[in-house]
>>> print(open('upload-v6.tsv').read())   # TSV, C-alpha atoms and all ligand atoms
chain	number	residue	atom	x	y	z
A	1	MET	CA	7.21	-12.73	11.84
A	2	THR	CA	7.23	-14.60	15.12
A	3	PRO	CA	3.78	-15.85	16.18
A	4	LEU	CA	2.26	-13.41	18.67
A	5	SER	CA	0.20	-14.18	21.73
A	6	GLU	CA	-2.93	-12.28	22.68
A	7	PRO	CA	-1.29	-10.59	25.72
A	8	ALA	CA	1.73	-9.51	23.62
A	9	ILE	CA	-0.59	-8.01	21.01
A	10	ARG	CA	-2.71	-6.18	23.57
A	11	ALA	CA	0.39	-4.81	25.32
A	12	SER	CA	1.85	-3.46	22.07
A	13	PHE	CA	-0.62	-0.66	21.33
A	14	VAL	CA	0.88	2.82	21.42
A	15	ASN	CA	-2.05	5.01	20.36
A	16	CYS	CA	-5.02	3.88	22.40
A	17	THR	CA	-5.80	3.65	26.10
A	18	LYS	CA	-5.07	0.52	28.12
A	19	GLY	CA	-8.81	-0.03	28.37
A	20	GLU	CA	-9.24	0.15	24.61
A	21	ALA	CA	-6.30	-2.22	24.10
A	22	THR	CA	-7.87	-4.67	26.54
A	23	ARG	CA	-11.26	-4.59	24.84
A	24	LEU	CA	-10.34	-4.47	21.15
A	25	ALA	CA	-11.33	-7.45	19.06
A	26	LEU	CA	-8.42	-9.65	18.00
A	27	PRO	CA	-8.46	-11.75	14.83
A	28	ARG	CA	-10.44	-14.92	15.38
A	29	ASP	CA	-7.90	-16.95	13.42
A	30	LEU	CA	-4.83	-15.93	15.42
A	31	ALA	CA	-3.65	-19.51	15.89
A	32	GLU	CA	-4.06	-20.40	12.21
A	33	ARG	CA	-2.40	-17.33	10.69
A	34	SER	CA	0.57	-18.21	8.47
A	35	TRP	CA	3.01	-16.18	10.54
A	36	ALA	CA	6.01	-17.08	8.38
A	37	ASP	CA	4.35	-15.23	5.50
A	38	LEU	CA	3.60	-12.08	7.49
A	39	ASP	CA	5.72	-8.94	7.62
A	40	PHE	CA	3.23	-7.50	10.08
A	41	LEU	CA	-0.07	-8.56	11.61
A	42	GLY	CA	-3.01	-6.54	10.37
A	43	TRP	CA	-6.73	-7.07	10.77
A	44	ARG	CA	-10.10	-5.40	10.55
A	45	ASP	CA	-12.23	-5.37	13.67
A	46	PRO	CA	-14.56	-8.34	13.10
A	47	ALA	CA	-17.26	-6.50	15.06
A	48	GLY	CA	-16.93	-3.00	13.62
A	49	ALA	CA	-16.26	-2.09	10.00
A	50	GLU	CA	-14.59	1.21	10.78
A	51	ARG	CA	-11.74	-0.11	12.92
A	52	ALA	CA	-8.50	-1.80	11.93
A	53	TYR	CA	-5.30	-2.70	13.72
A	54	LEU	CA	-1.75	-3.46	12.83
A	55	VAL	CA	1.08	-4.85	14.92
A	56	ALA	CA	4.69	-4.86	13.73
A	57	GLU	CA	8.08	-5.79	15.07
A	58	SER	CA	10.34	-2.78	15.40
A	59	GLY	CA	13.73	-1.94	16.85
A	60	ALA	CA	11.90	-0.76	19.95
A	61	GLY	CA	9.92	-4.00	20.32
A	62	LEU	CA	6.40	-4.84	19.27
A	63	LEU	CA	4.42	-1.83	18.04
A	64	GLY	CA	0.64	-1.90	17.73
A	65	VAL	CA	-1.43	0.83	16.12
A	66	ALA	CA	-5.20	1.28	16.16
A	67	LEU	CA	-6.62	2.68	12.92
A	68	ARG	CA	-9.89	4.22	11.89
A	69	VAL	CA	-11.09	3.30	8.42
A	70	ALA	CA	-12.59	6.13	6.36
A	71	SER	CA	-15.83	5.54	4.53
A	72	GLN	CA	-15.42	4.52	0.90
A	73	ALA	CA	-17.98	6.96	-0.46
A	74	GLY	CA	-16.81	8.87	-3.50
A	75	ARG	CA	-13.45	7.14	-3.71
A	76	ALA	CA	-11.57	6.44	-6.92
A	77	ARG	CA	-12.15	2.99	-8.34
A	78	ARG	CA	-8.48	2.12	-8.49
A	79	SER	CA	-5.90	2.89	-5.89
A	80	MET	CA	-2.59	1.77	-4.51
A	81	CYS	CA	-1.57	0.71	-1.03
A	82	SER	CA	1.15	3.00	0.28
A	83	LEU	CA	2.84	0.13	2.13
A	84	CYS	CA	3.04	-2.74	-0.37
A	85	LEU	CA	2.21	-0.75	-3.55
A	86	THR	CA	-0.43	-3.27	-4.59
A	87	THR	CA	-2.99	-1.70	-6.91
A	88	HIS	CA	-6.57	-2.63	-6.12
A	89	ILE	CA	-9.64	-2.16	-8.23
A	90	GLY	CA	-12.80	-1.11	-6.41
A	91	ASP	CA	-12.68	-0.71	-2.65
A	92	GLY	CA	-9.57	-2.79	-1.96
A	93	VAL	CA	-7.70	0.21	-0.59
A	94	SER	CA	-8.94	2.31	2.32
A	95	LEU	CA	-7.79	5.53	3.89
A	96	MET	CA	-6.82	4.60	7.45
A	97	THR	CA	-6.08	7.13	10.12
A	98	ALA	CA	-4.05	6.54	13.25
A	99	ARG	CA	-4.25	8.80	16.26
A	100	LYS	CA	-0.71	9.80	17.16
A	101	ALA	CA	0.85	8.30	20.26
A	102	GLY	CA	1.17	10.29	23.49
A	103	PRO	CA	0.37	13.98	23.98
A	104	ALA	CA	0.15	14.70	20.22
A	105	GLY	CA	-2.62	12.13	19.91
A	106	ARG	CA	-4.45	13.40	22.97
A	107	ALA	CA	-4.32	16.85	21.32
A	108	GLY	CA	-6.21	15.36	18.38
A	109	ASN	CA	-3.36	14.82	15.89
A	110	SER	CA	-3.45	11.86	13.56
A	111	VAL	CA	-1.73	10.45	10.49
A	112	GLY	CA	-3.47	8.87	7.55
A	113	SER	CA	-2.38	6.49	4.86
A	114	TYR	CA	-3.97	4.50	2.04
A	115	LEU	CA	-3.62	0.83	2.92
A	116	CYS	CA	-4.88	-2.51	1.62
A	117	ALA	CA	-8.37	-2.59	3.14
A	118	ASP	CA	-7.79	-6.07	4.61
A	119	LEU	CA	-4.21	-5.23	5.71
A	120	ALA	CA	-3.01	-8.39	3.97
A	121	CYS	CA	-0.07	-6.63	2.27
A	122	SER	CA	2.28	-9.52	3.10
A	123	LEU	CA	0.05	-12.00	1.28
A	124	TYR	CA	-0.37	-9.79	-1.81
A	125	LEU	CA	3.41	-9.41	-2.04
A	126	ARG	CA	3.89	-13.17	-1.91
A	127	GLY	CA	1.15	-13.89	-4.42
A	128	LYS	CA	-0.88	-15.74	-1.75
A	129	LYS	CA	-3.74	-13.34	-2.24
A	130	ASN	CA	-4.71	-11.88	-5.59
A	131	ALA	CA	-5.55	-8.21	-6.01
A	132	GLY	CA	-6.13	-8.56	-9.74
A	133	ARG	CA	-3.16	-6.46	-10.70
A	134	ARG	CA	0.29	-5.64	-9.45
A	135	LEU	CA	2.92	-3.30	-10.83
A	136	ASP	CA	5.26	-5.04	-13.23
A	137	GLU	CA	8.51	-4.74	-11.40
A	138	SER	CA	11.87	-6.35	-11.93
A	139	ILE	CA	12.83	-6.35	-8.25
A	140	THR	CA	12.83	-9.50	-6.14
A	141	LEU	CA	10.31	-10.49	-3.52
A	142	ALA	CA	12.91	-9.84	-0.81
A	143	GLU	CA	13.33	-6.30	-2.13
A	144	LYS	CA	9.57	-5.76	-2.18
A	145	ILE	CA	9.33	-7.00	1.40
A	146	ASP	CA	12.18	-4.68	2.42
A	147	ARG	CA	10.42	-1.76	0.77
A	148	THR	CA	7.12	-2.58	2.46
A	149	THR	CA	8.83	-2.91	5.84
A	150	ALA	CA	10.55	0.45	5.29
A	151	ASN	CA	7.25	2.10	4.30
A	152	LEU	CA	5.60	0.65	7.39
A	153	ALA	CA	8.46	1.80	9.63
A	154	ALA	CA	8.09	5.32	8.21
A	155	PHE	CA	4.35	5.27	8.91
A	156	LEU	CA	4.89	4.00	12.47
A	157	GLN	CA	7.51	6.70	12.97
A	158	GLN	CA	4.90	9.32	12.08
A	159	VAL	CA	2.50	7.81	14.60
A	160	LEU	CA	5.17	7.96	17.30
A	161	ALA	CA	6.46	11.43	16.35
B	201	ZN	ZN	-0.88	-3.23	1.07
>>> encode(input="upload-v6.tsv", output="structure tokens")
Amino acid sequence: MTPLSEPAIRASFVNCTKGEATRLALPRDLAERSWADLDFLGWRDPAGAERAYLVAESGAGLLGVALRVASQAGRARRSMCSLCLTTHIGDGVSLMTARKAGPAGRAGNSVGSYLCADLACSLYLRGKKNAGRRLDESITLAEKIDRTTANLAAFLQQVLA
């Protein structure tokens, strides 16, 4: 993806208040991220374990979503990310919940999905980060990226719906 600036990231959030978007903690390594390897920007709040964020390019422009990370207690020891389909052992996958955008969100509605706990789906797909195990698949990297992007678009659509 195209490298993003801090103001562009902060302006992209659709499911939190302007104040929250102004205050949320951005990745500390924004300048050093390998943007060419990213299908979306995702990060855990460096100051708070229960928050995560993702920002993606969409047909409607940049789309940022604030997520709440569920506690890991009692979770299965192996699970799969619903975006990139990487299987993690241990706590590598977390249930993340996004408040819906607009009135639906203010009414308390949210959508949840199991995602790579570090939101580094793009790097797992490209083999730049090792999760220990991936599905044996005969499809190409480009096809896996397309599938991940489609899964992400479907998730973002639910947040916007
Ligand atoms: Zn993933």
>>> residues_near_point(input="upload-v6.tsv", point="(-5.4, -2.1, 12.2)", cutoff="9 Å", atoms="all atoms listed in the file", output="PDB file with C-alpha atoms, in the frame of the given file")
ATOM      1  CA  LEU A  41      -0.070  -8.560  11.610  1.00  0.00           C
ATOM      2  CA  GLY A  42      -3.010  -6.540  10.370  1.00  0.00           C
ATOM      3  CA  TRP A  43      -6.730  -7.070  10.770  1.00  0.00           C
ATOM      4  CA  ARG A  44     -10.100  -5.400  10.550  1.00  0.00           C
ATOM      5  CA  ASP A  45     -12.230  -5.370  13.670  1.00  0.00           C
ATOM      6  CA  ARG A  51     -11.740  -0.110  12.920  1.00  0.00           C
ATOM      7  CA  ALA A  52      -8.500  -1.800  11.930  1.00  0.00           C
ATOM      8  CA  TYR A  53      -5.300  -2.700  13.720  1.00  0.00           C
ATOM      9  CA  LEU A  54      -1.750  -3.460  12.830  1.00  0.00           C
ATOM     10  CA  VAL A  55       1.080  -4.850  14.920  1.00  0.00           C
ATOM     11  CA  GLY A  64       0.640  -1.900  17.730  1.00  0.00           C
ATOM     12  CA  VAL A  65      -1.430   0.830  16.120  1.00  0.00           C
ATOM     13  CA  ALA A  66      -5.200   1.280  16.160  1.00  0.00           C
ATOM     14  CA  LEU A  67      -6.620   2.680  12.920  1.00  0.00           C
ATOM     15  CA  ARG A  68      -9.890   4.220  11.890  1.00  0.00           C
ATOM     16  CA  VAL A  69     -11.090   3.300   8.420  1.00  0.00           C
ATOM     17  CA  MET A  96      -6.820   4.600   7.450  1.00  0.00           C
ATOM     18  CA  ALA A  98      -4.050   6.540  13.250  1.00  0.00           C
ATOM     19  CA  ASP A 118      -7.790  -6.070   4.610  1.00  0.00           C
ATOM     20  CA  LEU A 119      -4.210  -5.230   5.710  1.00  0.00           C
TER      21      LEU A 119
END
>>> residues_near_ligand(input="upload-v6.tsv", ligand="ligand ZN 201 (chain B)", cutoff="9 Å", atoms="only C-alpha atoms and all ligand atoms", output="list in words")
Met80, Cys81, Ser82, Leu83, Cys84, Leu85, Thr86, Thr87, Val93, Tyr114, Leu115, Cys116, Ala117, Asp118, Leu119, Ala120, Cys121, Ser122, Leu123, Tyr124, Leu125 and Thr148 of chain A
>>> atom_distance(input="upload-v6.tsv", atom1="atom CA of A:Ser79", atom2="atom CA of A:Val159")
22.7 Å
>>> residues_around(input="upload-v6.tsv", residues="stretch 100-108 of chain A", least_positions_apart="2", cutoff="9 Å", atoms="all atoms listed in the file", output="list of chain:residue names")
A:Val14, A:Asn15, A:Cys16, A:Val65, A:Ala98, A:Ser110, A:Val111, A:Gln158, A:Val159, A:Leu160, A:Ala161
>>> atom_distance(input="upload-v6.tsv", atom1="atom CA of A:Lys129", atom2="atom CA of A:Leu24")
25.9 Å
>>> atom_distance(input="upload-v6.tsv", atom1="atom CA of A:Leu63", atom2="atom CA of A:Leu141")
24.0 Å
>>> closest_residue(input="upload-v6.tsv", among="A:Thr97, A:Gly127, A:Gly112, A:Met1", to="A:Arg33", atoms="all atoms listed in the file")
A:Met1
>>> residues_around(input="upload-v6.tsv", residues="A:Gly61", least_positions_apart="6", cutoff="12 Å", atoms="only C-alpha atoms", output="JSON, numbers by chain")
{"A": [8, 9, 11, 12, 13, 14, 55]}
>>> closest_residue(input="upload-v6.tsv", among="A:Glu143, A:Glu50, A:Glu20, A:Asp39", to="A:Leu95", atoms="all atoms listed in the file")
A:Glu50
>>> closest_residue(input="upload-v6.tsv", among="A:Ser113, A:Thr17, A:Thr22, A:Thr2", to="A:Ala56", atoms="all atoms listed in the file")
A:Thr2
>>> axis_aligned_box(input="upload-v6.tsv", around="stretch 109-125 of chain A", padding_each_side="5 Å", output="AutoDock Vina command-line options")
--center_x -2.5 --center_y 1.4 --center_z 6.9 --size_x 21.8 --size_y 36.8 --size_z 27.9
>>> decode(input="upload-v6.tsv", residues="stretch 15-125 of chain A", atoms="C-alpha atoms", output="PDB file, in the first residue's frame")
ATOM      1  CA  ASN A  15     -16.108   3.981  14.063  1.00  0.00           C
ATOM      2  CA  CYS A  16     -14.737   6.239  16.756  1.00  0.00           C
ATOM      3  CA  THR A  17     -15.188   9.884  17.679  1.00  0.00           C
ATOM      4  CA  LYS A  18     -12.924  12.608  16.291  1.00  0.00           C
ATOM      5  CA  GLY A  19     -11.470  12.989  19.773  1.00  0.00           C
ATOM      6  CA  GLU A  20     -10.643   9.295  19.999  1.00  0.00           C
ATOM      7  CA  ALA A  21      -9.098   9.370  16.517  1.00  0.00           C
ATOM      8  CA  THR A  22      -6.957  12.336  17.547  1.00  0.00           C
ATOM      9  CA  ARG A  23      -5.733  10.669  20.727  1.00  0.00           C
ATOM     10  CA  LEU A  24      -5.226   7.059  19.641  1.00  0.00           C
ATOM     11  CA  ALA A  25      -1.679   5.765  19.693  1.00  0.00           C
ATOM     12  CA  LEU A  26      -0.154   5.263  16.254  1.00  0.00           C
ATOM     13  CA  PRO A  27       2.562   2.688  15.547  1.00  0.00           C
ATOM     14  CA  ARG A  28       5.928   4.002  16.668  1.00  0.00           C
ATOM     15  CA  ASP A  29       7.609   2.585  13.572  1.00  0.00           C
ATOM     16  CA  LEU A  30       5.365   4.269  11.005  1.00  0.00           C
ATOM     17  CA  ALA A  31       8.290   5.592   8.964  1.00  0.00           C
ATOM     18  CA  GLU A  32      10.086   2.238   8.899  1.00  0.00           C
ATOM     19  CA  ARG A  33       7.136   0.015   8.005  1.00  0.00           C
ATOM     20  CA  SER A  34       7.681  -1.926   4.772  1.00  0.00           C
ATOM     21  CA  TRP A  35       4.654  -0.421   3.079  1.00  0.00           C
ATOM     22  CA  ALA A  36       5.201  -2.297  -0.184  1.00  0.00           C
ATOM     23  CA  ASP A  37       4.582  -5.545   1.710  1.00  0.00           C
ATOM     24  CA  LEU A  38       1.372  -4.370   3.378  1.00  0.00           C
ATOM     25  CA  ASP A  39      -2.159  -5.014   2.152  1.00  0.00           C
ATOM     26  CA  PHE A  40      -3.418  -2.967   5.080  1.00  0.00           C
ATOM     27  CA  LEU A  41      -1.907  -1.218   8.082  1.00  0.00           C
ATOM     28  CA  GLY A  42      -2.719  -2.908  11.362  1.00  0.00           C
ATOM     29  CA  TRP A  43      -1.326  -2.380  14.843  1.00  0.00           C
ATOM     30  CA  ARG A  44      -1.934  -3.000  18.501  1.00  0.00           C
ATOM     31  CA  ASP A  45      -2.124   0.033  20.756  1.00  0.00           C
ATOM     32  CA  PRO A  46       1.405   0.202  22.200  1.00  0.00           C
ATOM     33  CA  ALA A  47      -0.053   1.665  25.402  1.00  0.00           C
ATOM     34  CA  GLY A  48      -3.073  -0.581  25.897  1.00  0.00           C
ATOM     35  CA  ALA A  49      -3.254  -4.320  25.258  1.00  0.00           C
ATOM     36  CA  GLU A  50      -6.974  -4.364  24.561  1.00  0.00           C
ATOM     37  CA  ARG A  51      -6.999  -1.978  21.610  1.00  0.00           C
ATOM     38  CA  ALA A  52      -6.049  -2.535  17.985  1.00  0.00           C
ATOM     39  CA  TYR A  53      -6.483  -0.581  14.780  1.00  0.00           C
ATOM     40  CA  LEU A  54      -6.508  -1.269  11.099  1.00  0.00           C
ATOM     41  CA  VAL A  55      -6.451   1.092   8.142  1.00  0.00           C
ATOM     42  CA  ALA A  56      -7.126  -0.066   4.589  1.00  0.00           C
ATOM     43  CA  GLU A  57      -7.478   1.449   1.169  1.00  0.00           C
ATOM     44  CA  SER A  58     -10.973   1.033  -0.213  1.00  0.00           C
ATOM     45  CA  GLY A  59     -13.001   2.228  -3.175  1.00  0.00           C
ATOM     46  CA  ALA A  60     -14.338   4.960  -0.905  1.00  0.00           C
ATOM     47  CA  GLY A  61     -10.865   6.103   0.180  1.00  0.00           C
ATOM     48  CA  LEU A  62      -8.903   5.292   3.291  1.00  0.00           C
ATOM     49  CA  LEU A  63     -10.900   3.375   5.903  1.00  0.00           C
ATOM     50  CA  GLY A  64      -9.755   3.100   9.511  1.00  0.00           C
ATOM     51  CA  VAL A  65     -11.373   0.876  12.114  1.00  0.00           C
ATOM     52  CA  ALA A  66     -10.799   0.812  15.867  1.00  0.00           C
ATOM     53  CA  LEU A  67     -10.972  -2.661  17.390  1.00  0.00           C
ATOM     54  CA  ARG A  68     -11.300  -4.026  20.883  1.00  0.00           C
ATOM     55  CA  VAL A  69      -9.300  -7.171  21.581  1.00  0.00           C
ATOM     56  CA  ALA A  70     -11.072  -9.856  23.629  1.00  0.00           C
ATOM     57  CA  SER A  71      -9.222 -11.474  26.480  1.00  0.00           C
ATOM     58  CA  GLN A  72      -7.526 -14.751  25.598  1.00  0.00           C
ATOM     59  CA  ALA A  73      -8.804 -16.663  28.612  1.00  0.00           C
ATOM     60  CA  GLY A  74     -10.195 -20.075  27.786  1.00  0.00           C
ATOM     61  CA  ARG A  75      -9.423 -19.869  24.088  1.00  0.00           C
ATOM     62  CA  ALA A  76      -8.522 -22.813  21.896  1.00  0.00           C
ATOM     63  CA  ARG A  77      -4.805 -23.349  21.461  1.00  0.00           C
ATOM     64  CA  ARG A  78      -4.936 -23.292  17.697  1.00  0.00           C
ATOM     65  CA  SER A  79      -6.957 -20.967  15.571  1.00  0.00           C
ATOM     66  CA  MET A  80      -7.109 -19.364  12.179  1.00  0.00           C
ATOM     67  CA  CYS A  81      -7.211 -15.727  11.144  1.00  0.00           C
ATOM     68  CA  SER A  82     -10.376 -15.022   9.193  1.00  0.00           C
ATOM     69  CA  LEU A  83      -8.585 -12.536   6.934  1.00  0.00           C
ATOM     70  CA  CYS A  84      -5.371 -14.264   5.839  1.00  0.00           C
ATOM     71  CA  LEU A  85      -6.260 -17.823   6.954  1.00  0.00           C
ATOM     72  CA  THR A  86      -2.963 -18.218   8.783  1.00  0.00           C
ATOM     73  CA  THR A  87      -3.197 -20.844  11.509  1.00  0.00           C
ATOM     74  CA  HIS A  88      -1.559 -19.848  14.774  1.00  0.00           C
ATOM     75  CA  ILE A  89      -0.681 -22.003  17.723  1.00  0.00           C
ATOM     76  CA  GLY A  90      -1.249 -20.486  21.156  1.00  0.00           C
ATOM     77  CA  ASP A  91      -2.540 -16.933  21.380  1.00  0.00           C
ATOM     78  CA  GLY A  92      -1.583 -15.766  17.880  1.00  0.00           C
ATOM     79  CA  VAL A  93      -5.209 -15.165  16.943  1.00  0.00           C
ATOM     80  CA  SER A  94      -7.524 -12.851  18.865  1.00  0.00           C
ATOM     81  CA  LEU A  95     -11.208 -12.116  18.693  1.00  0.00           C
ATOM     82  CA  MET A  96     -11.433  -8.441  17.745  1.00  0.00           C
ATOM     83  CA  THR A  97     -14.618  -6.454  17.845  1.00  0.00           C
ATOM     84  CA  ALA A  98     -15.343  -3.280  15.936  1.00  0.00           C
ATOM     85  CA  ARG A  99     -18.111  -0.908  16.904  1.00  0.00           C
ATOM     86  CA  LYS A 100     -20.194  -0.291  13.805  1.00  0.00           C
ATOM     87  CA  ALA A 101     -19.940   3.082  12.108  1.00  0.00           C
ATOM     88  CA  GLY A 102     -22.635   5.734  12.517  1.00  0.00           C
ATOM     89  CA  PRO A 103     -25.991   5.311  14.285  1.00  0.00           C
ATOM     90  CA  ALA A 104     -25.720   1.490  14.436  1.00  0.00           C
ATOM     91  CA  GLY A 105     -22.511   1.822  16.425  1.00  0.00           C
ATOM     92  CA  ARG A 106     -23.927   4.486  18.717  1.00  0.00           C
ATOM     93  CA  ALA A 107     -26.799   2.048  19.380  1.00  0.00           C
ATOM     94  CA  GLY A 108     -24.212  -0.446  20.628  1.00  0.00           C
ATOM     95  CA  ASN A 109     -23.881  -2.730  17.585  1.00  0.00           C
ATOM     96  CA  SER A 110     -20.548  -4.277  16.754  1.00  0.00           C
ATOM     97  CA  VAL A 111     -18.974  -6.913  14.537  1.00  0.00           C
ATOM     98  CA  GLY A 112     -16.341  -9.377  15.628  1.00  0.00           C
ATOM     99  CA  SER A 113     -13.774 -11.420  13.790  1.00  0.00           C
ATOM    100  CA  TYR A 114     -10.832 -13.661  14.630  1.00  0.00           C
ATOM    101  CA  LEU A 115      -7.699 -11.924  13.391  1.00  0.00           C
ATOM    102  CA  CYS A 116      -3.941 -12.368  13.660  1.00  0.00           C
ATOM    103  CA  ALA A 117      -3.287 -10.874  17.103  1.00  0.00           C
ATOM    104  CA  ASP A 118      -0.535  -8.597  15.728  1.00  0.00           C
ATOM    105  CA  LEU A 119      -2.528  -7.745  12.571  1.00  0.00           C
ATOM    106  CA  ALA A 120       0.510  -8.670  10.482  1.00  0.00           C
ATOM    107  CA  CYS A 121      -1.521 -10.747   7.997  1.00  0.00           C
ATOM    108  CA  SER A 122       0.363  -9.250   5.037  1.00  0.00           C
ATOM    109  CA  LEU A 123       3.701 -10.409   6.433  1.00  0.00           C
ATOM    110  CA  TYR A 124       2.473 -13.937   7.210  1.00  0.00           C
ATOM    111  CA  LEU A 125       1.164 -14.266   3.657  1.00  0.00           C
TER     112      LEU A 125
END
